[in-house]
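A.B. asks: Provided herewith: work33.txt, compact mmCIF, C-alpha atoms and all ligand atoms.
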# COMPACT_ATOMS: atom_id res chain seq x y z
CA MET G 61 1.59 0.79 11.80
CA GLN G 62 2.35 4.15 10.17
CA ILE G 63 1.59 4.71 6.52
CA SER G 64 4.26 6.86 5.01
CA LEU G 65 5.02 7.80 1.47
CA GLU G 66 8.21 6.08 0.46
CA VAL G 67 10.67 8.55 -0.98
CA SER G 68 11.15 7.21 -4.45
CA SER G 69 14.52 7.66 -6.13
CA GLU G 70 12.76 7.48 -9.50
CA ARG G 71 12.01 10.71 -11.28
CA PHE G 72 8.57 12.09 -11.95
CA LEU G 73 7.23 15.14 -13.75
CA LYS G 74 4.34 15.74 -11.36
CA ARG G 75 3.00 14.06 -8.21
CA TYR G 76 -0.65 14.14 -7.07
CA TYR G 77 -2.52 13.03 -3.94
CA ALA G 78 -6.14 12.36 -2.90
CA PRO G 79 -7.25 11.61 0.70
CA ALA G 80 -9.22 8.71 2.19
CA SER G 81 -12.95 9.24 2.69
CA THR G 82 -15.77 7.95 4.86
CA GLY G 83 -18.98 7.55 2.87
CA ASN G 84 -22.39 7.89 4.61
CA PHE G 85 -20.93 9.27 7.87
CA SER G 86 -23.60 7.03 9.47
CA VAL G 87 -26.56 9.35 9.05
CA GLY G 88 -26.38 10.18 5.32
CA PHE G 89 -26.45 6.98 3.28
CA ASP G 90 -25.07 7.83 -0.20
CA LEU G 91 -25.61 11.55 0.59
CA LEU G 92 -22.87 12.47 3.06
CA GLY G 93 -19.13 11.85 3.02
CA ALA G 94 -15.99 13.24 4.63
CA ALA G 95 -12.31 13.32 3.66
CA PHE G 96 -9.76 12.62 6.38
CA GLU G 97 -6.00 12.88 6.88
CA PRO G 98 -3.83 11.62 9.75
CA VAL G 99 -2.90 14.24 12.37
CA ASP G 100 0.73 13.07 12.15
CA GLY G 101 0.96 14.26 8.54
CA ALA G 102 1.14 10.79 6.95
CA LEU G 103 -0.37 10.48 3.47
CA PHE G 104 -3.33 8.16 4.08
CA GLY G 105 -4.55 8.26 0.50
CA ASP G 106 -3.30 7.34 -2.96
CA VAL G 107 -0.45 9.13 -4.71
CA LEU G 108 -0.03 9.20 -8.49
CA ASP G 109 3.19 10.17 -10.25
CA ILE G 110 3.22 11.21 -13.89
CA CYS G 111 6.73 10.07 -14.78
CA ALA G 112 7.08 10.74 -18.51
CA GLU G 113 5.30 11.05 -21.84
CA GLN G 114 5.96 8.04 -24.06
CA ALA G 115 4.56 5.91 -26.90
CA ASP G 116 2.21 3.69 -24.81
CA MET G 117 0.41 3.94 -21.48
CA THR G 118 2.19 2.10 -18.64
CA LEU G 119 1.32 1.80 -14.95
CA ASP G 120 3.68 0.73 -12.21
CA ILE G 121 2.13 0.16 -8.76
CA VAL G 122 3.94 0.36 -5.41
CA GLY G 123 2.77 0.88 -1.82
CA ARG G 124 1.57 -1.07 1.21
CA TYR G 125 -1.65 -2.36 -0.38
CA VAL G 126 -0.40 -3.21 -3.88
CA HIS G 127 -0.95 -6.93 -3.08
CA GLN G 128 -4.73 -6.33 -2.78
CA LEU G 129 -5.00 -5.14 -6.40
CA PRO G 130 -5.36 -7.27 -9.53
CA ALA G 131 -1.90 -8.57 -10.51
CA ASP G 132 -2.56 -7.45 -14.06
CA HIS G 133 -1.93 -3.72 -13.91
CA THR G 134 -3.86 -3.11 -17.12
CA ASP G 135 -6.95 -3.97 -15.06
CA ASN G 136 -6.51 -0.89 -12.89
CA LEU G 137 -8.94 1.99 -12.41
CA VAL G 138 -6.16 4.51 -13.05
CA LEU G 139 -5.85 3.35 -16.64
CA SER G 140 -9.59 3.07 -17.24
CA CYS G 141 -9.89 6.64 -15.89
CA PHE G 142 -7.29 7.83 -18.41
CA TYR G 143 -9.27 6.46 -21.35
CA ALA G 144 -12.60 7.75 -19.96
CA PHE G 145 -10.99 11.16 -19.43
CA GLU G 146 -9.60 11.17 -22.98
CA GLN G 147 -13.01 10.28 -24.38
CA LYS G 148 -14.70 13.07 -22.42
CA VAL G 149 -12.08 15.60 -23.56
CA GLY G 150 -12.70 14.47 -27.12
CA ARG G 151 -9.14 14.35 -28.50
CA THR G 152 -6.22 11.93 -28.43
CA LEU G 153 -3.90 12.70 -25.53
CA PRO G 154 -0.19 11.92 -25.16
CA ARG G 155 0.49 8.52 -23.55
CA LEU G 156 2.01 8.52 -20.08
CA SER G 157 4.23 6.49 -17.82
CA LEU G 158 2.42 6.43 -14.44
CA ARG G 159 3.25 5.21 -10.94
CA LEU G 160 0.47 4.62 -8.38
CA HIS G 161 1.34 4.48 -4.66
CA LYS G 162 -1.51 2.33 -3.33
CA ASN G 163 -1.59 3.55 0.26
CA LEU G 164 -5.24 2.71 0.96
CA PRO G 165 -6.51 -0.84 1.49
CA VAL G 166 -8.91 -2.10 -1.20
CA GLY G 167 -12.52 -3.05 -0.35
CA SER G 168 -12.02 -1.35 2.99
CA GLY G 169 -14.74 1.27 3.34
CA LEU G 170 -12.13 4.03 3.09
CA GLY G 171 -13.14 5.02 -0.41
CA SER G 172 -10.12 3.23 -1.86
CA SER G 173 -11.43 2.90 -5.42
CA ALA G 174 -12.74 6.48 -5.28
CA CYS G 175 -9.34 7.67 -4.07
CA SER G 176 -7.53 6.15 -7.06
CA ILE G 177 -10.22 7.49 -9.39
CA VAL G 178 -10.02 10.99 -7.90
CA VAL G 179 -6.24 11.21 -7.89
CA ALA G 180 -6.11 9.95 -11.48
CA CYS G 181 -8.84 12.22 -12.90
CA TYR G 182 -7.51 15.23 -10.96
CA ALA G 183 -3.96 14.52 -12.20
CA PHE G 184 -4.96 14.14 -15.86
CA ASN G 185 -7.04 17.30 -15.80
CA ASP G 186 -4.29 19.33 -14.14
CA TYR G 187 -1.53 17.90 -16.31
CA PHE G 188 -3.39 18.55 -19.58
CA GLY G 189 -4.34 22.15 -18.67
CA ASN G 190 -7.82 21.69 -17.10
CA PRO G 191 -9.93 20.89 -20.19
CA LEU G 192 -12.81 19.73 -17.93
CA THR G 193 -14.72 21.89 -15.45
CA GLN G 194 -14.94 20.81 -11.81
CA SER G 195 -18.47 19.48 -12.25
CA GLU G 196 -17.59 17.61 -15.48
CA LEU G 197 -14.64 16.06 -13.66
CA LEU G 198 -16.77 15.13 -10.63
CA GLN G 199 -19.35 13.53 -12.91
CA LEU G 200 -16.61 11.50 -14.62
CA MET G 201 -15.30 10.38 -11.23
CA ALA G 202 -18.77 9.32 -10.06
CA GLU G 203 -19.37 7.33 -13.27
CA ALA G 204 -16.06 5.50 -12.77
CA GLU G 205 -16.98 4.77 -9.13
CA GLY G 206 -20.42 3.55 -10.23
CA GLY G 207 -18.73 1.10 -12.60
CA VAL G 208 -16.97 -0.51 -9.61
CA SER G 209 -19.66 -0.48 -6.96
CA GLY G 210 -22.67 -1.18 -9.18
CA SER G 211 -24.45 2.17 -8.75
CA ILE G 212 -23.45 5.81 -8.92
CA HIS G 213 -22.87 7.49 -5.58
CA PHE G 214 -20.87 10.65 -4.94
CA ASP G 215 -20.21 10.33 -1.20
CA ASN G 216 -16.59 9.18 -1.64
CA VAL G 217 -15.49 10.95 -4.81
CA ALA G 218 -16.88 14.37 -3.77
CA PRO G 219 -15.06 14.64 -0.40
CA SER G 220 -11.88 13.06 -1.75
CA TYR G 221 -11.88 15.62 -4.59
CA PHE G 222 -13.04 18.77 -2.74
CA GLY G 223 -12.09 17.89 0.85
CA GLY G 224 -14.23 18.50 3.96
CA LEU G 225 -17.62 17.07 4.90
CA GLN G 226 -19.75 17.10 1.75
CA LEU G 227 -23.53 16.86 1.44
CA MET G 228 -24.83 15.67 -1.93
CA LEU G 229 -27.53 17.89 -3.45
CA PRO G 230 -29.80 15.76 -5.64
CA GLN G 231 -30.89 17.43 -8.89
CA SER G 232 -28.79 20.53 -8.19
CA ALA G 233 -26.22 21.75 -10.73
CA GLN G 234 -23.84 22.20 -7.80
CA ILE G 235 -23.91 18.41 -7.02
CA CYS G 236 -22.56 18.83 -3.46
CA ARG G 237 -21.89 21.42 -0.75
CA GLY G 238 -19.32 21.53 2.06
CA LEU G 239 -20.88 21.52 5.55
CA PRO G 240 -19.69 23.10 8.81
CA TRP G 241 -17.63 20.89 11.12
CA PHE G 242 -16.41 21.07 14.72
CA ASP G 243 -12.68 21.79 14.50
CA HIS G 244 -11.91 19.96 17.75
CA TRP G 245 -13.43 16.70 16.46
CA ARG G 246 -11.00 13.92 15.65
CA VAL G 247 -11.92 10.73 13.79
CA VAL G 248 -10.16 7.41 14.31
CA LEU G 249 -10.30 5.24 11.22
CA SER G 250 -9.70 1.59 12.03
CA TYR G 251 -9.38 -0.97 9.24
CA PRO G 252 -9.44 -4.59 10.49
CA GLY G 253 -7.35 -5.93 7.58
CA THR G 254 -10.14 -7.90 5.88
CA VAL G 255 -11.67 -7.12 2.49
CA LEU G 256 -15.38 -6.39 1.97
CA SER G 257 -16.38 -5.41 -1.54
CA THR G 258 -18.70 -2.41 -1.80
CA LYS G 259 -20.73 -4.23 -4.45
CA ALA G 260 -21.34 -7.15 -2.06
CA ALA G 261 -22.20 -4.78 0.80
CA ARG G 262 -24.68 -2.94 -1.43
CA ALA G 263 -26.31 -6.23 -2.46
CA VAL G 264 -27.63 -6.76 1.11
CA LEU G 265 -29.37 -3.37 1.27
CA PRO G 266 -33.19 -3.17 1.21
CA GLN G 267 -34.62 -2.30 -2.20
CA GLN G 268 -37.37 -0.21 -0.64
CA LEU G 269 -38.02 1.69 2.57
CA ALA G 270 -41.43 2.07 4.19
CA LEU G 271 -42.81 5.63 4.24
CA SER G 272 -42.28 5.96 8.02
CA HIS G 273 -38.70 4.71 7.62
CA SER G 274 -38.00 7.19 4.78
CA ILE G 275 -39.32 10.03 6.92
CA ALA G 276 -37.16 8.94 9.87
CA PHE G 277 -34.05 8.82 7.60
CA ALA G 278 -34.71 12.23 6.03
CA GLY G 279 -35.51 13.68 9.46
CA MET G 280 -32.33 12.40 11.08
CA LEU G 281 -30.12 13.70 8.25
CA ALA G 282 -31.89 17.08 8.38
CA ARG G 283 -31.40 17.14 12.18
CA PHE G 284 -27.66 16.46 11.80
CA VAL G 285 -27.16 19.12 9.11
CA SER G 286 -29.15 21.75 11.00
CA ALA G 287 -27.24 20.94 14.23
CA LEU G 288 -23.95 21.57 12.38
CA TYR G 289 -25.17 24.96 11.16
CA GLU G 290 -26.48 25.79 14.65
CA LYS G 291 -23.16 24.64 16.21
CA ASP G 292 -25.19 22.34 18.50
CA GLU G 293 -22.64 19.59 19.08
CA ALA G 294 -24.76 17.42 21.39
CA ASP G 295 -27.64 17.37 18.92
CA ALA G 296 -25.31 16.63 15.99
CA VAL G 297 -23.85 13.65 17.85
CA ALA G 298 -27.31 12.43 18.87
CA ALA G 299 -28.38 12.52 15.22
CA LEU G 300 -25.54 10.24 14.05
CA GLN G 301 -27.81 7.26 13.52
CA ASP G 302 -27.65 4.96 10.52
CA LEU G 303 -31.23 3.93 9.81
CA VAL G 304 -30.57 2.56 6.30
CA ALA G 305 -27.32 0.65 5.82
CA GLU G 306 -26.26 -0.50 9.29
CA PRO G 307 -29.33 -2.65 10.03
CA ALA G 308 -28.72 -4.55 6.77
CA ARG G 309 -24.93 -4.66 7.01
CA ALA G 310 -24.62 -5.49 10.72
CA PRO G 311 -24.25 -9.25 10.04
CA LEU G 312 -21.19 -8.45 7.86
CA ILE G 313 -19.52 -6.69 10.81
CA PRO G 314 -20.54 -8.85 13.80
CA GLU G 315 -18.09 -7.19 16.23
CA LEU G 316 -19.69 -3.75 15.90
CA PRO G 317 -22.04 -3.93 18.96
CA GLN G 318 -19.26 -5.16 21.26
CA LEU G 319 -16.79 -2.52 20.03
CA ARG G 320 -19.43 0.21 20.27
CA ALA G 321 -20.20 -0.75 23.86
CA ALA G 322 -16.50 -0.71 24.78
CA LEU G 323 -15.85 2.67 23.15
CA THR G 324 -19.00 4.18 24.62
CA GLU G 325 -17.61 3.26 28.06
CA LEU G 326 -14.46 5.18 27.15
CA GLY G 327 -16.68 8.21 26.42
CA ILE G 328 -16.20 8.18 22.64
CA LEU G 329 -18.95 10.20 20.91
CA HIS G 330 -19.90 7.69 18.21
CA LEU G 331 -18.72 4.53 16.45
CA GLY G 332 -20.01 3.91 12.93
CA ILE G 333 -19.29 1.97 9.75
CA SER G 334 -17.01 3.85 7.36
CA GLY G 335 -18.58 3.57 3.90
CA ALA G 336 -19.63 -0.01 3.27
CA GLY G 337 -17.16 -1.30 5.92
CA PRO G 338 -15.35 -3.17 7.35
CA THR G 339 -13.45 -0.04 8.50
CA LEU G 340 -15.04 1.60 11.53
CA PHE G 341 -14.84 5.28 12.37
CA ALA G 342 -14.80 6.58 15.94
CA LEU G 343 -15.84 10.19 16.37
CA CYS G 344 -13.91 11.71 19.28
CA ARG G 345 -14.20 14.97 21.21
CA ASP G 346 -10.45 15.71 21.05
CA GLU G 347 -7.04 14.19 20.43
CA GLN G 348 -6.77 12.69 23.92
CA GLN G 349 -10.01 10.77 23.45
CA ALA G 350 -8.88 9.76 19.96
CA GLN G 351 -5.71 8.26 21.47
CA LEU G 352 -7.86 6.07 23.75
CA ALA G 353 -10.06 4.92 20.87
CA ALA G 354 -7.05 4.27 18.61
CA GLU G 355 -5.26 2.22 21.29
CA TYR G 356 -8.36 0.13 21.88
CA LEU G 357 -9.10 -0.50 18.20
CA SER G 358 -5.52 -1.13 17.09
CA ARG G 359 -5.07 -3.63 19.96
CA HIS G 360 -8.28 -5.32 18.91
CA TYR G 361 -7.14 -5.77 15.30
CA GLU G 362 -3.40 -6.15 15.88
CA LYS G 363 -3.23 -9.80 14.75
CA ASN G 364 -4.01 -8.90 11.15
CA GLN G 365 -0.93 -7.75 9.19
CA ASP G 366 -3.00 -5.56 6.87
CA ALA G 367 -4.88 -3.77 9.66
CA THR G 368 -4.25 -0.09 10.28
CA THR G 369 -5.64 2.52 12.66
CA GLN G 370 -5.18 6.25 12.02
CA ILE G 371 -6.05 9.28 14.14
CA CYS G 372 -7.37 11.83 11.67
CA ARG G 373 -8.72 15.31 11.26
CA LEU G 374 -10.96 16.49 8.45
CA SER G 375 -8.94 16.94 5.23
CA LEU G 376 -9.93 20.38 4.04
CA ALA G 377 -7.73 20.42 0.95
CA GLY G 378 -8.93 17.25 -0.80
CA ALA G 379 -7.10 16.27 -4.01
CA ARG G 380 -3.98 18.24 -4.89
CA ALA G 381 -0.60 18.34 -6.55
CA LEU G 382 2.22 17.68 -4.06
N1 LIG Z 401 -6.51 1.57 -8.15
C1 LIG Z 401 -7.48 0.85 -7.58
N2 LIG Z 401 -7.82 1.08 -6.31
C2 LIG Z 401 -8.81 0.35 -5.73
N3 LIG Z 401 -9.48 -0.64 -6.34
C3 LIG Z 401 -9.15 -0.91 -7.60
C4 LIG Z 401 -8.15 -0.18 -8.29
N4 LIG Z 401 -8.05 -0.67 -9.52
C5 LIG Z 401 -8.95 -1.66 -9.64
N5 LIG Z 401 -9.60 -1.83 -8.49
C6 LIG Z 401 -10.66 -2.83 -8.24
O1 LIG Z 401 -11.86 -2.12 -7.88
C7 LIG Z 401 -12.55 -2.82 -6.86
C8 LIG Z 401 -12.68 -1.88 -5.67
O2 LIG Z 401 -13.53 -2.48 -4.76
P1 LIG Z 401 -14.40 -1.66 -3.74
O3 LIG Z 401 -15.08 -2.69 -2.91
O4 LIG Z 401 -15.28 -0.67 -4.44
O5 LIG Z 401 -13.29 -0.92 -2.90
P2 LIG Z 401 -13.43 0.30 -1.91
O6 LIG Z 401 -14.64 0.05 -1.07
O7 LIG Z 401 -12.21 0.24 -1.09
O8 LIG Z 401 -13.53 1.50 -2.74
C9 LIG Z 401 -11.74 -4.07 -6.54
O9 LIG Z 401 -12.26 -5.14 -7.30
C10 LIG Z 401 -10.34 -3.72 -7.04
O10 LIG Z 401 -9.60 -4.84 -7.43
N1 LIG Z 402 -22.48 5.05 0.19
C1 LIG Z 402 -21.65 3.95 -0.18
C2 LIG Z 402 -20.23 4.20 0.31
C3 LIG Z 402 -19.26 3.10 -0.07
O1 LIG Z 402 -17.98 3.43 0.41
P1 LIG Z 402 -16.73 2.44 0.23
O2 LIG Z 402 -15.58 3.18 0.85
O3 LIG Z 402 -17.07 1.20 0.96
O4 LIG Z 402 -16.56 2.24 -1.25
C4 LIG Z 402 -22.20 2.66 0.46
O5 LIG Z 402 -22.46 2.69 1.66
O6 LIG Z 402 -22.37 1.68 -0.26
For the file at hand, write its structure as structure tokens.
C.D. replies:
Amino acid sequence: MQISLEVSSERFLKRYYAPASTGNFSVGFDLLGAAFEPVDGALFGDVLDICAEQADMTLDIVGRYVHQLPADHTDNLVLSCFYAFEQKVGRTLPRLSLRLHKNLPVGSGLGSSACSIVVACYAFNDYFGNPLTQSELLQLMAEAEGGVSGSIHFDNVAPSYFGGLQLMLPQSAQICRGLPWFDHWRVVLSYPGTVLSTKAARAVLPQQLALSHSIAFAGMLARFVSALYEKDEADAVAALQDLVAEPARAPLIPELPQLRAALTELGILHLGISGAGPTLFALCRDEQQAQLAAEYLSRHYEKNQDATTQICRLSLAGARAL
């Protein structure tokens, strides 16, 4: 099913968008993430309208996945981001009438909470004349994401904000850096329609890794990054191995081995868990291969009304005003 932005007859002052993201990208647990957008131009990410300035904050929510959010709209990340933003800016801001188009499924592995956080923080900063720097804003986004998932990780908020494939840079003032990418690559994002909370999926992770395991993880991520810079596609694909999260999370996604075997037979380059799952991402050589993967995965999940499969390219723009 296509996700499209409904053309609202209601008025708004400004409209903002942030794209879906795939945390980890298999090989970089908590350290690597990519923003994606459908090749057909659909807006597969959250949209926020600033409708008016008024006496109190209000939030109206529309969109395909509104039913997956708390019924009480005051319990929404968009509002908590407004107050956190106001506190960081250090002065009382005008109250706003807001409308969120919840286009991403919640608890999906598509960076849904990060997407709402990014679109909200980006919108407030732009609307109020950019009082926060990019790194202050990114830090605010990561803190909000940490409040939801239980620990701070940047691998959804950074790509959704800046676009592209982003590598986190621990202890660097820069926080993250965009990596090279193969332009012909397409990624099929396939959400089965079931909810898996990131907090729950983080609770099954090992608390410690053995030294040999840590070296293997660091080595594989380094191999992937260096293969991208060297434009060595075969080596980059060979390095897409999740040595940290997938072994622990595999029982939460029992169909993964069977789907991976089927897609490997179709020649697909790689099938991995998007973020904490249950969405899977299929890395494909080109659009033709992506069509094959998308047909297979959407047929597999077609019984679930909430399921969706999108053929995507890397979103280079990230968050923006529309
Ligand atoms: N605007 C929002 N978008 C997504 N989740 C939200 C939003 N507002 C509140 N939430 C809550 O935040 C949590 C997000 O769960 P999480 O598993 O982190 O989702 P995801 O993996 O899709 O980012 C849920 O409990 C959800 O109800
Ligand atoms: N690195 C995080 C990514 C979580 O992504 P989400 O889209 O599931 O919120 C993790 O693997 O826990």
A.B. asks: Once you count only C-alpha atoms, which residues end up no further than 8 Å from (-8.3, 9.4, -1.4) in the file's frame, shown as a list in words?
C.D. replies: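 Protein, DNA and RNA residues close to (-8.3, 9.4, -1.4): Tyr77, Ala78, Pro79, Ala80, Ser81, Ala95, Phe104, Gly105, Asp106, Leu164, Leu170, Gly171, Ser172, Ala174, Cys175, Ser176, Val178, Val179, Ser220, Tyr221, Gly378 and Ala379 of chain G.
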A.B. asks: Find, counting only C-alpha atoms and all ligand atoms, the residue in G:Gly169, G:Pro266, G:Gly206, G:Gly88 that gets nearest to ligand LIG 401 (chain Z).
C.D. replies: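 Nearest candidate to ligand LIG 401 (chain Z) out of G:Gly169, G:Pro266, G:Gly206, G:Gly88: G:Gly169.
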A.B. asks: So which residues touch G:Ser173 within 10 Å, counting only C-alpha atoms, skipping near sequence neighbours fewer than 5 positions away, as a PyMOL selection string?
C.D. replies: chain G and resi 80+106+136-138+164-168+178+204-205+208-209+216-217+258
A.B. asks: Using only C-alpha atoms, which residues sit within 7 Å of stretch 278-289 of chain G once same-chain residues fewer than 4 positions away are excluded, as a CSV table (one decimal) with C-alpha atoms, keeping the file's coordinate frame?
C.D. replies:
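Listed below is the output, part_21.csv:
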chain,number,residue,atom,x,y,z
G,87,VAL,CA,-26.6,9.4,9.0
G,88,GLY,CA,-26.4,10.2,5.3
G,240,PRO,CA,-19.7,23.1,8.8
G,241,TRP,CA,-17.6,20.9,11.1
G,274,SER,CA,-38.0,7.2,4.8
G,293,GLU,CA,-22.6,19.6,19.1
G,295,ASP,CA,-27.6,17.4,18.9
G,296,ALA,CA,-25.3,16.6,16.0
G,299,ALA,CA,-28.4,12.5,15.2
G,300,LEU,CA,-25.5,10.2,14.0
A.B. asks: Looking at G:Tyr143, G:Phe85, G:Tyr182, G:Trp245, which one is nearest to ligand LIG 402 (chain Z), with distances taken over only C-alpha atoms and all ligand atoms?
C.D. replies: G:Phe85
A.B. asks: G:Ala342, G:Leu269, G:Leu312, G:Ala94: which is nearest G:Leu357, counting all atoms listed in the file?
C.D. replies: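 With all atoms listed in the file as the atom set, the closest residue is G:Ala342.
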A.B. asks: Looking at all atoms listed in the file, which of G:Leu91, G:Glu203, G:Arg71, G:Thr82 is the one that sits closest to G:Ser157?
C.D. replies: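 Closest residue, counting all atoms listed in the file: G:Arg71.
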A.B. asks: Can you work out the spacing between atom CA of G:Leu73 and atom CA of G:Val107 in Å, to one decimal?
C.D. replies: 13.3 Å
A.B. asks: Between atom CA of G:Gly223 and atom CA of G:Leu153, what is the spacing in Å?
C.D. replies: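 So the answer is 28.1 Å.
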A.B. asks: Compile the contact shell of G:Leu382 as JSON, numbers by chain: residues with an atom at most 8 Å away, counting all atoms listed in the file, same-chain residues fewer than 5 positions apart removed.
C.D. replies: {"G": [74, 75, 76, 77]}
A.B. asks: Could you check the closest approach to ligand LIG 402 (chain Z) for each of G:Asp346, G:Asp366, G:Asp116, G:Asp90 and tell me which residue wins, using all atoms listed in the file?
C.D. replies: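 When distances to ligand LIG 402 (chain Z) are compared using all atoms listed in the file, the smallest one comes from G:Asp90.
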A.B. asks: Pull N, CA and C atoms for stretch 100-116 of chain G from the block and write them as a PDB file, in the first residue's frame.
C.D. replies:
ATOM      1  N   ASP G 100       9.320   6.388  -5.382  1.00  0.00           N
ATOM      2  CA  ASP G 100       8.147   6.951  -6.068  1.00  0.00           C
ATOM      3  C   ASP G 100       7.772   8.343  -5.542  1.00  0.00           C
ATOM      4  N   GLY G 101       8.580   8.884  -4.649  1.00  0.00           N
ATOM      5  CA  GLY G 101       8.352  10.253  -4.178  1.00  0.00           C
ATOM      6  C   GLY G 101       7.393  10.358  -3.003  1.00  0.00           C
ATOM      7  N   ALA G 102       6.864   9.230  -2.522  1.00  0.00           N
ATOM      8  CA  ALA G 102       5.969   9.287  -1.359  1.00  0.00           C
ATOM      9  C   ALA G 102       6.740   9.792  -0.135  1.00  0.00           C
ATOM     10  N   LEU G 103       6.014  10.387   0.798  1.00  0.00           N
ATOM     11  CA  LEU G 103       6.649  10.902   2.018  1.00  0.00           C
ATOM     12  C   LEU G 103       6.583   9.838   3.102  1.00  0.00           C
ATOM     13  N   PHE G 104       7.606   8.977   3.160  1.00  0.00           N
ATOM     14  CA  PHE G 104       7.638   7.902   4.160  1.00  0.00           C
ATOM     15  C   PHE G 104       8.410   8.407   5.378  1.00  0.00           C
ATOM     16  N   GLY G 105       7.751   9.307   6.081  1.00  0.00           N
ATOM     17  CA  GLY G 105       8.331   9.946   7.260  1.00  0.00           C
ATOM     18  C   GLY G 105       7.258  10.867   7.810  1.00  0.00           C
ATOM     19  N   ASP G 106       7.507  11.415   9.002  1.00  0.00           N
ATOM     20  CA  ASP G 106       6.471  12.246   9.629  1.00  0.00           C
ATOM     21  C   ASP G 106       6.507  13.678   9.119  1.00  0.00           C
ATOM     22  N   VAL G 107       5.311  14.265   9.086  1.00  0.00           N
ATOM     23  CA  VAL G 107       5.145  15.656   8.638  1.00  0.00           C
ATOM     24  C   VAL G 107       4.542  16.432   9.807  1.00  0.00           C
ATOM     25  N   LEU G 108       5.053  17.617  10.053  1.00  0.00           N
ATOM     26  CA  LEU G 108       4.499  18.461  11.125  1.00  0.00           C
ATOM     27  C   LEU G 108       4.099  19.812  10.556  1.00  0.00           C
ATOM     28  N   ASP G 109       2.854  20.188  10.790  1.00  0.00           N
ATOM     29  CA  ASP G 109       2.377  21.519  10.389  1.00  0.00           C
ATOM     30  C   ASP G 109       2.346  22.426  11.612  1.00  0.00           C
ATOM     31  N   ILE G 110       2.893  23.622  11.456  1.00  0.00           N
ATOM     32  CA  ILE G 110       2.652  24.673  12.462  1.00  0.00           C
ATOM     33  C   ILE G 110       1.489  25.483  11.910  1.00  0.00           C
ATOM     34  N   CYS G 111       0.339  25.391  12.598  1.00  0.00           N
ATOM     35  CA  CYS G 111      -0.894  25.949  12.025  1.00  0.00           C
ATOM     36  C   CYS G 111      -1.149  27.391  12.462  1.00  0.00           C
ATOM     37  N   ALA G 112      -0.829  27.701  13.724  1.00  0.00           N
ATOM     38  CA  ALA G 112      -1.110  29.059  14.215  1.00  0.00           C
ATOM     39  C   ALA G 112      -0.392  29.269  15.538  1.00  0.00           C
ATOM     40  N   GLU G 113      -0.247  30.525  15.923  1.00  0.00           N
ATOM     41  CA  GLU G 113       0.175  30.849  17.295  1.00  0.00           C
ATOM     42  C   GLU G 113      -1.097  31.114  18.081  1.00  0.00           C
ATOM     43  N   GLN G 114      -1.147  30.638  19.313  1.00  0.00           N
ATOM     44  CA  GLN G 114      -2.375  30.777  20.105  1.00  0.00           C
ATOM     45  C   GLN G 114      -2.031  30.753  21.600  1.00  0.00           C
ATOM     46  N   ALA G 115      -3.065  30.745  22.458  1.00  0.00           N
ATOM     47  CA  ALA G 115      -2.823  30.875  23.898  1.00  0.00           C
ATOM     48  C   ALA G 115      -2.199  29.623  24.514  1.00  0.00           C
ATOM     49  N   ASP G 116      -2.618  28.424  24.053  1.00  0.00           N
ATOM     50  CA  ASP G 116      -2.113  27.162  24.628  1.00  0.00           C
ATOM     51  C   ASP G 116      -1.572  26.254  23.526  1.00  0.00           C
TER      52      ASP G 116
END
